[in-house]
Amino acid sequence: MIGNDLGRNGYYEQKTIAELMGTVADAVGPDAFLALGDTHHFMGVTSVNDPLWMTNYELIYSHPELQIEWFPILGNHEYRGNTQSVTDYTAVSRRWTMPSRYYTRIFENDGTRVKVVFIDTTPIIGKYRVDTAGYPDAHLQDVATQLRWLDNELSRDDKADWTVVAGHHPVYAHTSKQNSEREDMQRLVDPILRKHKVDMYICGHIHNFQHIRKNGID
């Protein structure tokens with residue numbers, strides 16, 4: 001299962017949607033959940049002990065079928081708080097599995113291998129890097145190193161039937177959000193996706209569902 005932009009302290013239909021997610025999970029039996037950023041609107045979290053871990057996450061996604069491994073990434077709202085604590089929460093919660101800000105996982109089911117490469121998009125986008133007051137950790141991240149890592153990860157032959165890259169921000173989208181976000185993603189990330197003929201790029205951030213196909217990538 002895939003979700004994004006989840007954390008609203010239980011408000012704005014979050015509880016209702018969480019229950020629906022549990023109902024769907026009960027029907028389909030997912031092996032894992034991909035949480036593609038902004039699990040913590042609106043100001044991130046301050047530490048692994050922040051009460052928001054309970055009211056944004058643990059007590060909301062409490063359905064038995066959602067007690068599976070969650071594989072998260074950071075969104076722009078996490079960058080408003082203590083970003084390191086989001087990774088560190090892996091040591092606190094049995095189901096929260098985030099080994100680093102960007103990482104790779106292979107999922108296998110019924111003989112099909114899916115390689116998912118999780119990336120950290122907020123530092124890639126210039127408007128967050130220059131806003132050091134609002135997003136104090138973004139400018140400290142080494143974007144060139146992450147992009148080299150992405151290129152190397154996609155170069156590896158993991159015998160995957162599908163290769164998917166997962167980030168918070170879209171590369172292409174119909175949205176009122178600033179064009180500069182997508183322009184930076186198109187300039188820095190899109191060429192790597194195309195170089196390696198990635199099957200799909202999945203993301204969140206724009207708060208609606210869109211399926212865009214651009215030159216062979218969904």
# chains A, B, ... in the order shown; residues from 1 in each chain; ligands from 1
>>> residues_around(residues="Gln146 (chain A)", least_positions_apart="4", cutoff="12 Å", atoms="only C-alpha atoms", output="count of residues only")
21
>>> residues_around(residues="Tyr89 (chain A)", least_positions_apart="4", cutoff="12 Å", atoms="only C-alpha atoms", output="PyMOL selection string")
chain A and resi 45-50+53-54+57-58+70-72+82-85+93-100
>>> closest_residue(among="A:Glu19, A:Asp38, A:Glu13, A:Glu69", to="Phe107 (chain A)", atoms="only C-alpha atoms")
A:Glu69
>>> residues_around(residues="Asp110 (chain A)", least_positions_apart="3", cutoff="12 Å", atoms="only C-alpha atoms", output="list in words")
Asp31, Phe107, Arg113, Val114 and Asp161 of chain A
>>> closest_residue(among="A:Phe42, A:Ile202, A:Thr23, A:Thr55", to="Asn9 (chain A)", atoms="only C-alpha atoms")
A:Thr55
>>> select_by_dssp(residues="region 149-195 of chain A", states="strand (DSSP E)", output="list of chain:residue names")
A:Trp162, A:Thr163, A:Val164, A:Val165, A:Ala166
>>> closest_residue(among="A:Val24, A:Leu6, A:Val92, A:Val143", to="Glu78 (chain A)", atoms="only C-alpha atoms")
A:Leu6
>>> closest_residue(among="A:Asn109, A:Thr175, A:Asn76, A:Asn215", to="Pro136 (chain A)", atoms="only C-alpha atoms")
A:Asn76
>>> residues_around(residues="Arg80 (chain A)", least_positions_apart="6", cutoff="6 Å", atoms="only C-alpha atoms", output="PyMOL selection string")
chain A and resi 43-44+134-135
>>> residues_around(residues="Glu183 (chain A)", least_positions_apart="4", cutoff="12 Å", atoms="only C-alpha atoms", output="ChimeraX atom specification")
/A:124-127,169-173,177-179,187-190
>>> closest_residue(among="A:Val130, A:Ala25, A:Val165, A:Ile217", to="Ile73 (chain A)", atoms="only C-alpha atoms")
A:Val165
>>> residues_around(residues="Ile17 (chain A)", least_positions_apart="2", cutoff="12 Å", atoms="only C-alpha atoms", output="PyMOL selection string")
chain A and resi 3-8+10-15+19-24+60-63
>>> closest_residue(among="A:Tyr128, A:Thr104, A:Glu65, A:Thr16", to="Val28 (chain A)", atoms="only C-alpha atoms")
A:Glu65
>>> select_by_dssp(residues="region 68-106 of chain A", states="helix (DSSP H, G or I)", output="list in words")
Glu78, Tyr79, Arg80, Thr83, Gln84, Ser85, Val86, Thr87, Asp88, Tyr89, Thr90 and Ala91 of chain A
>>> write_last_selection(atoms="N, CA, C and O atoms", output="PDB file, in the first residue's frame")
ATOM      1  N   GLU A  78       8.302  17.461   7.339  1.00  0.00           N
ATOM      2  CA  GLU A  78       9.272  16.915   8.287  1.00  0.00           C
ATOM      3  C   GLU A  78      10.507  17.807   8.386  1.00  0.00           C
ATOM      4  O   GLU A  78      11.133  17.907   9.439  1.00  0.00           O
ATOM      5  N   TYR A  79      10.853  18.467   7.288  1.00  0.00           N
ATOM      6  CA  TYR A  79      12.023  19.340   7.282  1.00  0.00           C
ATOM      7  C   TYR A  79      11.804  20.629   8.074  1.00  0.00           C
ATOM      8  O   TYR A  79      12.748  21.382   8.299  1.00  0.00           O
ATOM      9  N   ARG A  80      10.588  20.869   8.522  1.00  0.00           N
ATOM     10  CA  ARG A  80      10.339  22.019   9.390  1.00  0.00           C
ATOM     11  C   ARG A  80      10.674  21.700  10.846  1.00  0.00           C
ATOM     12  O   ARG A  80      10.719  22.597  11.692  1.00  0.00           O
ATOM     13  N   THR A  83      14.530  16.500  11.567  1.00  0.00           N
ATOM     14  CA  THR A  83      14.477  15.456  10.539  1.00  0.00           C
ATOM     15  C   THR A  83      15.150  14.168  10.998  1.00  0.00           C
ATOM     16  O   THR A  83      14.691  13.070  10.671  1.00  0.00           O
ATOM     17  N   GLN A  84      16.228  14.278  11.746  1.00  0.00           N
ATOM     18  CA  GLN A  84      16.946  13.083  12.169  1.00  0.00           C
ATOM     19  C   GLN A  84      16.079  12.188  13.044  1.00  0.00           C
ATOM     20  O   GLN A  84      16.190  10.957  13.013  1.00  0.00           O
ATOM     21  N   SER A  85      15.179  12.792  13.817  1.00  0.00           N
ATOM     22  CA  SER A  85      14.329  11.989  14.696  1.00  0.00           C
ATOM     23  C   SER A  85      13.374  11.105  13.911  1.00  0.00           C
ATOM     24  O   SER A  85      12.923  10.070  14.416  1.00  0.00           O
ATOM     25  N   VAL A  86      13.067  11.487  12.677  1.00  0.00           N
ATOM     26  CA  VAL A  86      12.180  10.666  11.854  1.00  0.00           C
ATOM     27  C   VAL A  86      12.871   9.359  11.483  1.00  0.00           C
ATOM     28  O   VAL A  86      12.258   8.279  11.491  1.00  0.00           O
ATOM     29  N   THR A  87      14.152   9.441  11.177  1.00  0.00           N
ATOM     30  CA  THR A  87      14.932   8.230  10.940  1.00  0.00           C
ATOM     31  C   THR A  87      15.146   7.450  12.238  1.00  0.00           C
ATOM     32  O   THR A  87      15.003   6.229  12.276  1.00  0.00           O
ATOM     33  N   ASP A  88      15.444   8.165  13.310  1.00  0.00           N
ATOM     34  CA  ASP A  88      15.727   7.520  14.597  1.00  0.00           C
ATOM     35  C   ASP A  88      14.512   6.778  15.160  1.00  0.00           C
ATOM     36  O   ASP A  88      14.677   5.863  15.976  1.00  0.00           O
ATOM     37  N   TYR A  89      13.330   7.149  14.731  1.00  0.00           N
ATOM     38  CA  TYR A  89      12.126   6.492  15.242  1.00  0.00           C
ATOM     39  C   TYR A  89      12.079   5.015  14.848  1.00  0.00           C
ATOM     40  O   TYR A  89      11.325   4.233  15.429  1.00  0.00           O
ATOM     41  N   THR A  90      12.907   4.635  13.909  1.00  0.00           N
ATOM     42  CA  THR A  90      13.027   3.223  13.530  1.00  0.00           C
ATOM     43  C   THR A  90      13.378   2.361  14.735  1.00  0.00           C
ATOM     44  O   THR A  90      12.939   1.207  14.838  1.00  0.00           O
ATOM     45  N   ALA A  91      14.148   2.900  15.658  1.00  0.00           N
ATOM     46  CA  ALA A  91      14.554   2.150  16.849  1.00  0.00           C
ATOM     47  C   ALA A  91      13.461   2.110  17.918  1.00  0.00           C
ATOM     48  O   ALA A  91      13.592   1.381  18.898  1.00  0.00           O
TER      49      ALA A  91
END
>>> decode(residues="region 113-128 of chain A", atoms="all heavy atoms", output="PDB file, in the first residue's frame")
ATOM      1  N   ARG A 113       9.683  -9.566  -8.502  1.00  0.00           N
ATOM      2  CA  ARG A 113      10.582  -8.721  -7.709  1.00  0.00           C
ATOM      3  C   ARG A 113      10.386  -7.253  -8.095  1.00  0.00           C
ATOM      4  O   ARG A 113      10.464  -6.891  -9.277  1.00  0.00           O
ATOM      5  CB  ARG A 113      12.049  -9.112  -7.944  1.00  0.00           C
ATOM      6  CG  ARG A 113      12.449 -10.409  -7.268  1.00  0.00           C
ATOM      7  CD  ARG A 113      13.835 -10.860  -7.712  1.00  0.00           C
ATOM      8  NE  ARG A 113      14.878  -9.901  -7.384  1.00  0.00           N
ATOM      9  CZ  ARG A 113      15.519  -9.862  -6.206  1.00  0.00           C
ATOM     10  NH1 ARG A 113      15.195 -10.711  -5.247  1.00  0.00           N
ATOM     11  NH2 ARG A 113      16.491  -8.982  -6.000  1.00  0.00           N
ATOM     12  N   VAL A 114      10.133  -6.434  -7.093  1.00  0.00           N
ATOM     13  CA  VAL A 114       9.971  -4.997  -7.298  1.00  0.00           C
ATOM     14  C   VAL A 114      11.054  -4.279  -6.502  1.00  0.00           C
ATOM     15  O   VAL A 114      11.156  -4.439  -5.284  1.00  0.00           O
ATOM     16  CB  VAL A 114       8.579  -4.509  -6.857  1.00  0.00           C
ATOM     17  CG1 VAL A 114       8.454  -2.997  -7.081  1.00  0.00           C
ATOM     18  CG2 VAL A 114       7.478  -5.253  -7.614  1.00  0.00           C
ATOM     19  N   LYS A 115      11.862  -3.529  -7.203  1.00  0.00           N
ATOM     20  CA  LYS A 115      12.907  -2.726  -6.566  1.00  0.00           C
ATOM     21  C   LYS A 115      12.375  -1.313  -6.374  1.00  0.00           C
ATOM     22  O   LYS A 115      11.974  -0.653  -7.330  1.00  0.00           O
ATOM     23  CB  LYS A 115      14.152  -2.710  -7.452  1.00  0.00           C
ATOM     24  CG  LYS A 115      15.287  -1.841  -6.933  1.00  0.00           C
ATOM     25  CD  LYS A 115      16.488  -1.922  -7.882  1.00  0.00           C
ATOM     26  CE  LYS A 115      17.656  -1.085  -7.420  1.00  0.00           C
ATOM     27  NZ  LYS A 115      18.832  -1.238  -8.307  1.00  0.00           N
ATOM     28  N   VAL A 116      12.348  -0.860  -5.117  1.00  0.00           N
ATOM     29  CA  VAL A 116      11.891   0.496  -4.819  1.00  0.00           C
ATOM     30  C   VAL A 116      13.069   1.289  -4.262  1.00  0.00           C
ATOM     31  O   VAL A 116      13.677   0.904  -3.251  1.00  0.00           O
ATOM     32  CB  VAL A 116      10.726   0.501  -3.814  1.00  0.00           C
ATOM     33  CG1 VAL A 116      10.251   1.932  -3.569  1.00  0.00           C
ATOM     34  CG2 VAL A 116       9.568  -0.361  -4.314  1.00  0.00           C
ATOM     35  N   VAL A 117      13.391   2.377  -4.919  1.00  0.00           N
ATOM     36  CA  VAL A 117      14.471   3.264  -4.495  1.00  0.00           C
ATOM     37  C   VAL A 117      13.827   4.523  -3.910  1.00  0.00           C
ATOM     38  O   VAL A 117      13.166   5.281  -4.617  1.00  0.00           O
ATOM     39  CB  VAL A 117      15.395   3.615  -5.667  1.00  0.00           C
ATOM     40  CG1 VAL A 117      16.544   4.500  -5.197  1.00  0.00           C
ATOM     41  CG2 VAL A 117      15.934   2.348  -6.331  1.00  0.00           C
ATOM     42  N   PHE A 118      13.992   4.710  -2.614  1.00  0.00           N
ATOM     43  CA  PHE A 118      13.394   5.836  -1.894  1.00  0.00           C
ATOM     44  C   PHE A 118      14.380   6.995  -1.874  1.00  0.00           C
ATOM     45  O   PHE A 118      15.535   6.823  -1.465  1.00  0.00           O
ATOM     46  CB  PHE A 118      13.073   5.432  -0.458  1.00  0.00           C
ATOM     47  CG  PHE A 118      12.058   4.322  -0.317  1.00  0.00           C
ATOM     48  CD1 PHE A 118      12.456   2.992  -0.368  1.00  0.00           C
ATOM     49  CD2 PHE A 118      10.719   4.609  -0.116  1.00  0.00           C
ATOM     50  CE1 PHE A 118      11.536   1.962  -0.212  1.00  0.00           C
ATOM     51  CE2 PHE A 118       9.787   3.590   0.039  1.00  0.00           C
ATOM     52  CZ  PHE A 118      10.191   2.270  -0.017  1.00  0.00           C
ATOM     53  N   ILE A 119      13.926   8.185  -2.282  1.00  0.00           N
ATOM     54  CA  ILE A 119      14.820   9.338  -2.301  1.00  0.00           C
ATOM     55  C   ILE A 119      14.277  10.461  -1.417  1.00  0.00           C
ATOM     56  O   ILE A 119      13.105  10.466  -1.023  1.00  0.00           O
ATOM     57  CB  ILE A 119      15.080   9.851  -3.734  1.00  0.00           C
ATOM     58  CG1 ILE A 119      13.792  10.357  -4.397  1.00  0.00           C
ATOM     59  CG2 ILE A 119      15.747   8.774  -4.569  1.00  0.00           C
ATOM     60  CD1 ILE A 119      14.030  11.022  -5.752  1.00  0.00           C
ATOM     61  N   ASP A 120      15.140  11.405  -1.109  1.00  0.00           N
ATOM     62  CA  ASP A 120      14.835  12.527  -0.228  1.00  0.00           C
ATOM     63  C   ASP A 120      14.783  13.788  -1.078  1.00  0.00           C
ATOM     64  O   ASP A 120      15.821  14.373  -1.408  1.00  0.00           O
ATOM     65  CB  ASP A 120      15.926  12.623   0.848  1.00  0.00           C
ATOM     66  CG  ASP A 120      15.675  13.711   1.863  1.00  0.00           C
ATOM     67  OD1 ASP A 120      14.523  14.180   1.979  1.00  0.00           O
ATOM     68  OD2 ASP A 120      16.639  14.100   2.559  1.00  0.00           O
ATOM     69  N   THR A 121      13.580  14.222  -1.445  1.00  0.00           N
ATOM     70  CA  THR A 121      13.456  15.253  -2.482  1.00  0.00           C
ATOM     71  C   THR A 121      13.560  16.682  -1.969  1.00  0.00           C
ATOM     72  O   THR A 121      13.940  17.579  -2.730  1.00  0.00           O
ATOM     73  CB  THR A 121      12.128  15.097  -3.240  1.00  0.00           C
ATOM     74  OG1 THR A 121      11.033  15.182  -2.326  1.00  0.00           O
ATOM     75  CG2 THR A 121      12.078  13.761  -3.972  1.00  0.00           C
ATOM     76  N   THR A 122      13.227  16.938  -0.716  1.00  0.00           N
ATOM     77  CA  THR A 122      13.189  18.332  -0.248  1.00  0.00           C
ATOM     78  C   THR A 122      14.514  19.059  -0.456  1.00  0.00           C
ATOM     79  O   THR A 122      14.525  20.194  -0.967  1.00  0.00           O
ATOM     80  CB  THR A 122      12.743  18.392   1.227  1.00  0.00           C
ATOM     81  OG1 THR A 122      11.442  17.800   1.341  1.00  0.00           O
ATOM     82  CG2 THR A 122      12.687  19.825   1.729  1.00  0.00           C
ATOM     83  N   PRO A 123      15.666  18.468  -0.100  1.00  0.00           N
ATOM     84  CA  PRO A 123      16.932  19.190  -0.320  1.00  0.00           C
ATOM     85  C   PRO A 123      17.270  19.401  -1.786  1.00  0.00           C
ATOM     86  O   PRO A 123      18.104  20.259  -2.109  1.00  0.00           O
ATOM     87  CB  PRO A 123      17.977  18.280   0.347  1.00  0.00           C
ATOM     88  CG  PRO A 123      17.224  17.369   1.229  1.00  0.00           C
ATOM     89  CD  PRO A 123      15.889  17.187   0.582  1.00  0.00           C
ATOM     90  N   ILE A 124      16.648  18.633  -2.672  1.00  0.00           N
ATOM     91  CA  ILE A 124      16.924  18.765  -4.105  1.00  0.00           C
ATOM     92  C   ILE A 124      16.307  20.048  -4.653  1.00  0.00           C
ATOM     93  O   ILE A 124      16.769  20.585  -5.667  1.00  0.00           O
ATOM     94  CB  ILE A 124      16.384  17.523  -4.852  1.00  0.00           C
ATOM     95  CG1 ILE A 124      17.182  16.277  -4.437  1.00  0.00           C
ATOM     96  CG2 ILE A 124      16.410  17.702  -6.365  1.00  0.00           C
ATOM     97  CD1 ILE A 124      16.608  14.973  -4.965  1.00  0.00           C
ATOM     98  N   ILE A 125      15.308  20.570  -3.965  1.00  0.00           N
ATOM     99  CA  ILE A 125      14.535  21.713  -4.462  1.00  0.00           C
ATOM    100  C   ILE A 125      15.061  23.004  -3.846  1.00  0.00           C
ATOM    101  O   ILE A 125      15.131  23.151  -2.618  1.00  0.00           O
ATOM    102  CB  ILE A 125      13.041  21.500  -4.156  1.00  0.00           C
ATOM    103  CG1 ILE A 125      12.540  20.281  -4.951  1.00  0.00           C
ATOM    104  CG2 ILE A 125      12.236  22.739  -4.475  1.00  0.00           C
ATOM    105  CD1 ILE A 125      11.153  19.826  -4.584  1.00  0.00           C
ATOM    106  N   GLY A 126      15.418  23.930  -4.712  1.00  0.00           N
ATOM    107  CA  GLY A 126      16.117  25.129  -4.284  1.00  0.00           C
ATOM    108  C   GLY A 126      15.372  25.988  -3.293  1.00  0.00           C
ATOM    109  O   GLY A 126      15.975  26.576  -2.384  1.00  0.00           O
ATOM    110  N   LYS A 127      14.056  26.090  -3.416  1.00  0.00           N
ATOM    111  CA  LYS A 127      13.315  27.017  -2.553  1.00  0.00           C
ATOM    112  C   LYS A 127      13.397  26.603  -1.086  1.00  0.00           C
ATOM    113  O   LYS A 127      13.315  27.454  -0.197  1.00  0.00           O
ATOM    114  CB  LYS A 127      11.861  27.127  -2.998  1.00  0.00           C
ATOM    115  CG  LYS A 127      10.966  25.981  -2.626  1.00  0.00           C
ATOM    116  CD  LYS A 127       9.509  26.328  -2.912  1.00  0.00           C
ATOM    117  CE  LYS A 127       8.573  25.361  -2.213  1.00  0.00           C
ATOM    118  NZ  LYS A 127       7.157  25.717  -2.413  1.00  0.00           N
ATOM    119  N   TYR A 128      13.554  25.307  -0.828  1.00  0.00           N
ATOM    120  CA  TYR A 128      13.697  24.851   0.559  1.00  0.00           C
ATOM    121  C   TYR A 128      15.122  25.094   1.068  1.00  0.00           C
ATOM    122  O   TYR A 128      15.325  25.387   2.248  1.00  0.00           O
ATOM    123  CB  TYR A 128      13.359  23.366   0.677  1.00  0.00           C
ATOM    124  CG  TYR A 128      11.940  23.029   0.280  1.00  0.00           C
ATOM    125  CD1 TYR A 128      11.680  22.238  -0.845  1.00  0.00           C
ATOM    126  CD2 TYR A 128      10.852  23.497   1.009  1.00  0.00           C
ATOM    127  CE1 TYR A 128      10.385  21.927  -1.212  1.00  0.00           C
ATOM    128  CE2 TYR A 128       9.549  23.191   0.643  1.00  0.00           C
ATOM    129  CZ  TYR A 128       9.324  22.407  -0.473  1.00  0.00           C
ATOM    130  OH  TYR A 128       8.041  22.101  -0.845  1.00  0.00           O
TER     131      TYR A 128
END
